[in-house]
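Okay, structure first, notes after.
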Amino acid sequence: MLADAVDEPLLLHSLSEHAELIFGALDAAQPRRIVEIGSETGGFSKQLLDWSGANGATLVTVEPYPTPEVRELAEKTPHFELVIGRSPGALAGLDPADAYVIDGDHNHWTVLRELRAAYAGDARPLAILHDVGWPCARRDQYYAPHAIPEDGQHPHSWEKGRDPDQRELVDVGGFHGEFEFAVAVDEGGTDNGVLAAVEEFLESRPDLEYRQVEAIFGVGYVYPADAPYGARVRELLDPWHESTLLERMERNRVRLYARVLELQDQLRRAGLGSGRVALALEDRIEALEAENTALRLERARLRERLAGHMHNA
Ligand SMILES: C[S@@+](CC[C@H](N)C(=O)[O-])C[C@H]1O[C@@H](n2cnc3c(N)ncnc32)[C@H](O)[C@@H]1O
């Protein structure tokens, strides 16, 4: 366990952290074809690819900027198709899939169209969406606002950060994109955020069911209520769905995360000076890291409980 903790990033953010539940749901649904939207460094794509190889499935990954490693993997792996482009536009040219892992551009306009594309016609896939929790739940984020019609965007900022303790964006600290993506200036209101898009889509589809696991920015699962694998997915997710304990832990995690980002910003601005300020900040980082370790241990305990639960199921 200690070796795992040392390798683990301090600030957890990837879908990989939800592997037990996501692969549990995929084991139940047994998709033949999976479309993944957004691969970043490809860590989770590789896990999806391993699962696909072991289960006779094909993985299609849509990503505008794939890493050289992901490109190379696609060249040499017959059951891996890489589509270099942007969703939802890129989805139009693809065959329908049995499962979608949606983690691309986290805004209402994009996600609503991704869901509409996934469930077009008679399609009844399982869709797994990242960032249905704070900060993207009710506030758009844009990697490429130029790719979205003007009436599909909200006024946004490339520099400011999102702070879990206030609705206004902040100049120092908070969750910001370091010019990689912009975030909507306002939170809430109409057509704003990933969860808002999911809710709007579900309103038009009473035949679908939804579960949400609040940890690590939130993961949502959409599937037909009468899917043959529905009972297994419910069994897996219901202990986590709307868990107030998990909500509290995630709220605490993002607050600590924001504090670490703020301290990192301050250190950067101070030029990592050797003075007393830098030392005091380092002390505070250490204290936050200790709290983080406690959270990691709690998560490991929860994982063990989940493993026991899955074993007994
Ligand atoms: C949050 S990261 C994905 C992280 C990855 N799924 C994981 O959990 O490790 C988002 C990725 O989506 C990509 N992206 C942004 N806009 C996109 C779009 N319209 N279509 C597909 N991918 C997009 C970004 O380039 C980035 O690599």
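Labels used: A, B, ... for chains in the order of the structure tokens, numbers from 1 for residues in each chain, and numbers from 1 for ligands as shown.
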Mind checking which residues fall within 9 Å of region 115-129 of chain A, counting only C-alpha atoms, ignoring those fewer than 3 positions away in the same chain, and posting them as a ChimeraX atom specification? /A:22,25-26,29,31,88,91-92,96-103,110-112,132,194,197-198,201,208,218-224,227
Contacts with ligand 1 at most 9 Å, only C-alpha atoms and all ligand atoms counted, listed as a PyMOL selection string: chain A and resi 13-17+36-45+61-67+84-90+101-106+110+130-131+142-144+147+180-181
Pick out each residue of region 104-155 of chain A that DSSP on the backbone tags as strand (DSSP E or B); I need them as a ChimeraX atom specification. /A:126-130,141-142
Dump as a short mmCIF file (atom, residue, chain, number, x, y, z; two decimals), in the first residue's frame, selection limited to N, CA and C atoms:
data_model
loop_
_atom_site.label_atom_id
_atom_site.label_comp_id
_atom_site.auth_asym_id
_atom_site.auth_seq_id
_atom_site.Cartn_x
_atom_site.Cartn_y
_atom_site.Cartn_z
N LEU A 126 -24.46 2.31 -22.98
CA LEU A 126 -24.10 2.75 -21.63
C LEU A 126 -23.20 3.98 -21.84
N ALA A 127 -23.50 5.09 -21.17
CA ALA A 127 -22.63 6.27 -21.29
C ALA A 127 -22.09 6.61 -19.90
N ILE A 128 -20.77 6.77 -19.84
CA ILE A 128 -20.10 7.10 -18.58
C ILE A 128 -19.47 8.48 -18.76
N LEU A 129 -19.84 9.42 -17.90
CA LEU A 129 -19.37 10.81 -18.09
C LEU A 129 -18.57 11.29 -16.88
N HIS A 130 -17.42 11.88 -17.18
CA HIS A 130 -16.63 12.47 -16.09
C HIS A 130 -17.04 13.92 -15.90
N GLN A 141 -16.72 24.76 -19.16
CA GLN A 141 -15.27 24.86 -19.35
C GLN A 141 -15.07 24.69 -20.86
N TYR A 142 -14.14 25.42 -21.45
CA TYR A 142 -13.97 25.37 -22.91
C TYR A 142 -12.50 25.18 -23.28
#
Residues near Gln153 (chain A), anyone? I mean within 9 Å using only C-alpha atoms, not counting same-chain ones fewer than 4 positions away, as a list in words.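 Returned residues: Asn107, His108, Trp109, Asp140, Tyr142, Pro145, Ile148, Pro149, Ala184, Asp191 and Asn192 of chain A.
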Any chance you can output those residues with N, CA, C and O atoms as an mmCIF file, in the first residue's frame?
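What ended up in again28.cif:
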data_model
loop_
_atom_site.group_PDB
_atom_site.id
_atom_site.type_symbol
_atom_site.label_atom_id
_atom_site.label_comp_id
_atom_site.auth_asym_id
_atom_site.auth_seq_id
_atom_site.Cartn_x
_atom_site.Cartn_y
_atom_site.Cartn_z
ATOM 1 N N ASN A 107 -18.472 21.141 -21.352
ATOM 2 C CA ASN A 107 -19.451 22.236 -21.354
ATOM 3 C C ASN A 107 -20.799 21.735 -21.854
ATOM 4 O O ASN A 107 -20.893 20.686 -22.495
ATOM 5 N N HIS A 108 -21.835 22.502 -21.548
ATOM 6 C CA HIS A 108 -23.214 22.103 -21.820
ATOM 7 C C HIS A 108 -23.428 21.824 -23.311
ATOM 8 O O HIS A 108 -23.977 20.794 -23.686
ATOM 9 N N TRP A 109 -22.997 22.735 -24.160
ATOM 10 C CA TRP A 109 -23.237 22.606 -25.605
ATOM 11 C C TRP A 109 -22.648 21.284 -26.117
ATOM 12 O O TRP A 109 -23.314 20.527 -26.821
ATOM 13 N N ASP A 140 -19.589 25.946 -17.325
ATOM 14 C CA ASP A 140 -18.906 25.472 -18.532
ATOM 15 C C ASP A 140 -17.396 25.658 -18.454
ATOM 16 O O ASP A 140 -16.905 26.602 -17.838
ATOM 17 N N TYR A 142 -14.139 25.425 -21.450
ATOM 18 C CA TYR A 142 -13.966 25.365 -22.908
ATOM 19 C C TYR A 142 -12.501 25.178 -23.275
ATOM 20 O O TYR A 142 -11.683 26.043 -22.981
ATOM 21 N N PRO A 145 -13.222 27.363 -27.445
ATOM 22 C CA PRO A 145 -14.475 28.098 -27.646
ATOM 23 C C PRO A 145 -14.734 28.395 -29.129
ATOM 24 O O PRO A 145 -15.893 28.478 -29.553
ATOM 25 N N ILE A 148 -17.178 26.173 -30.882
ATOM 26 C CA ILE A 148 -18.554 26.141 -30.376
ATOM 27 C C ILE A 148 -19.271 27.402 -30.858
ATOM 28 O O ILE A 148 -18.695 28.497 -30.787
ATOM 29 N N PRO A 149 -20.529 27.270 -31.354
ATOM 30 C CA PRO A 149 -21.219 28.478 -31.812
ATOM 31 C C PRO A 149 -21.326 29.508 -30.688
ATOM 32 O O PRO A 149 -21.396 29.136 -29.517
ATOM 33 N N ALA A 184 -16.344 29.441 -17.629
ATOM 34 C CA ALA A 184 -17.417 30.433 -17.654
ATOM 35 C C ALA A 184 -17.307 31.340 -16.433
ATOM 36 O O ALA A 184 -17.015 30.877 -15.332
ATOM 37 N N ASP A 191 -28.330 26.335 -19.402
ATOM 38 C CA ASP A 191 -27.361 25.790 -20.365
ATOM 39 C C ASP A 191 -25.918 25.964 -19.908
ATOM 40 O O ASP A 191 -25.053 26.372 -20.687
ATOM 41 N N ASN A 192 -25.664 25.677 -18.643
ATOM 42 C CA ASN A 192 -24.318 25.897 -18.108
ATOM 43 C C ASN A 192 -23.855 24.646 -17.370
ATOM 44 O O ASN A 192 -24.418 24.269 -16.345
#
What does the distance from CA of Leu94 (chain A) to CA of Asp151 (chain A) come to in Å, to one decimal?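 CA of Asp151 (chain A) lies 26.2 Å from CA of Leu94 (chain A).
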Output as a ChimeraX atom specification all residues of region 195-305 of chain A that backbone DSSP marks as helix (DSSP H, G or I). /A:195-203,230-237,244-269,276-305
Selected residue of minimal separation from Ala258 (chain A) among A:Pro206, A:Gly308, A:Gly174, A:Gly188, counting only C-alpha atoms: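 Among A:Pro206, A:Gly308, A:Gly174, A:Gly188, it is A:Gly174 that comes nearest to Ala258 (chain A).
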CA of Ala196 (chain A) and CA of Ala137 (chain A) are how many Å apart?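 Value for the CA of Ala196 (chain A)-CA of Ala137 (chain A) distance: 6.7 Å.
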Within 9 Å of Glu262 (chain A), counting only C-alpha atoms, which residues qualify if same-chain residues fewer than 4 places away don't, as a ChimeraX atom specification? /A:172-175,257-258,266-267
Keeping N, CA and C atoms for every residue in the selection just given, could you write it to a file as a PDB file, in the first residue's frame?
ATOM      1  N   VAL A 172      -6.090  34.496  -7.853  1.00  0.00           N
ATOM      2  CA  VAL A 172      -4.973  33.653  -7.398  1.00  0.00           C
ATOM      3  C   VAL A 172      -5.542  32.329  -6.915  1.00  0.00           C
ATOM      4  N   GLY A 173      -4.929  31.241  -7.358  1.00  0.00           N
ATOM      5  CA  GLY A 173      -5.362  29.918  -6.898  1.00  0.00           C
ATOM      6  C   GLY A 173      -6.633  29.481  -7.596  1.00  0.00           C
ATOM      7  N   GLY A 174      -7.347  28.570  -6.947  1.00  0.00           N
ATOM      8  CA  GLY A 174      -8.557  28.024  -7.555  1.00  0.00           C
ATOM      9  C   GLY A 174      -8.193  27.091  -8.706  1.00  0.00           C
ATOM     10  N   PHE A 175      -9.207  26.485  -9.298  1.00  0.00           N
ATOM     11  CA  PHE A 175      -8.989  25.563 -10.414  1.00  0.00           C
ATOM     12  C   PHE A 175      -9.005  26.370 -11.698  1.00  0.00           C
ATOM     13  N   TYR A 257      -7.588  20.699  -2.402  1.00  0.00           N
ATOM     14  CA  TYR A 257      -6.975  20.768  -3.735  1.00  0.00           C
ATOM     15  C   TYR A 257      -6.787  22.245  -4.126  1.00  0.00           C
ATOM     16  N   ALA A 258      -7.859  23.027  -3.893  1.00  0.00           N
ATOM     17  CA  ALA A 258      -7.793  24.455  -4.242  1.00  0.00           C
ATOM     18  C   ALA A 258      -6.737  25.170  -3.407  1.00  0.00           C
ATOM     19  N   GLN A 266       1.150  30.912  -5.273  1.00  0.00           N
ATOM     20  CA  GLN A 266       1.877  31.897  -4.463  1.00  0.00           C
ATOM     21  C   GLN A 266       3.378  31.638  -4.521  1.00  0.00           C
ATOM     22  N   LEU A 267       3.760  30.355  -4.439  1.00  0.00           N
ATOM     23  CA  LEU A 267       5.183  30.019  -4.502  1.00  0.00           C
ATOM     24  C   LEU A 267       5.777  30.424  -5.853  1.00  0.00           C
TER      25      LEU A 267
END
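Considering the residues A:Gln166, A:Gln212, A:Asn312, A:Gln47 and counting only C-alpha atoms, Glu247 (chain A) has its shortest atom-to-atom contact with A:Gln212.
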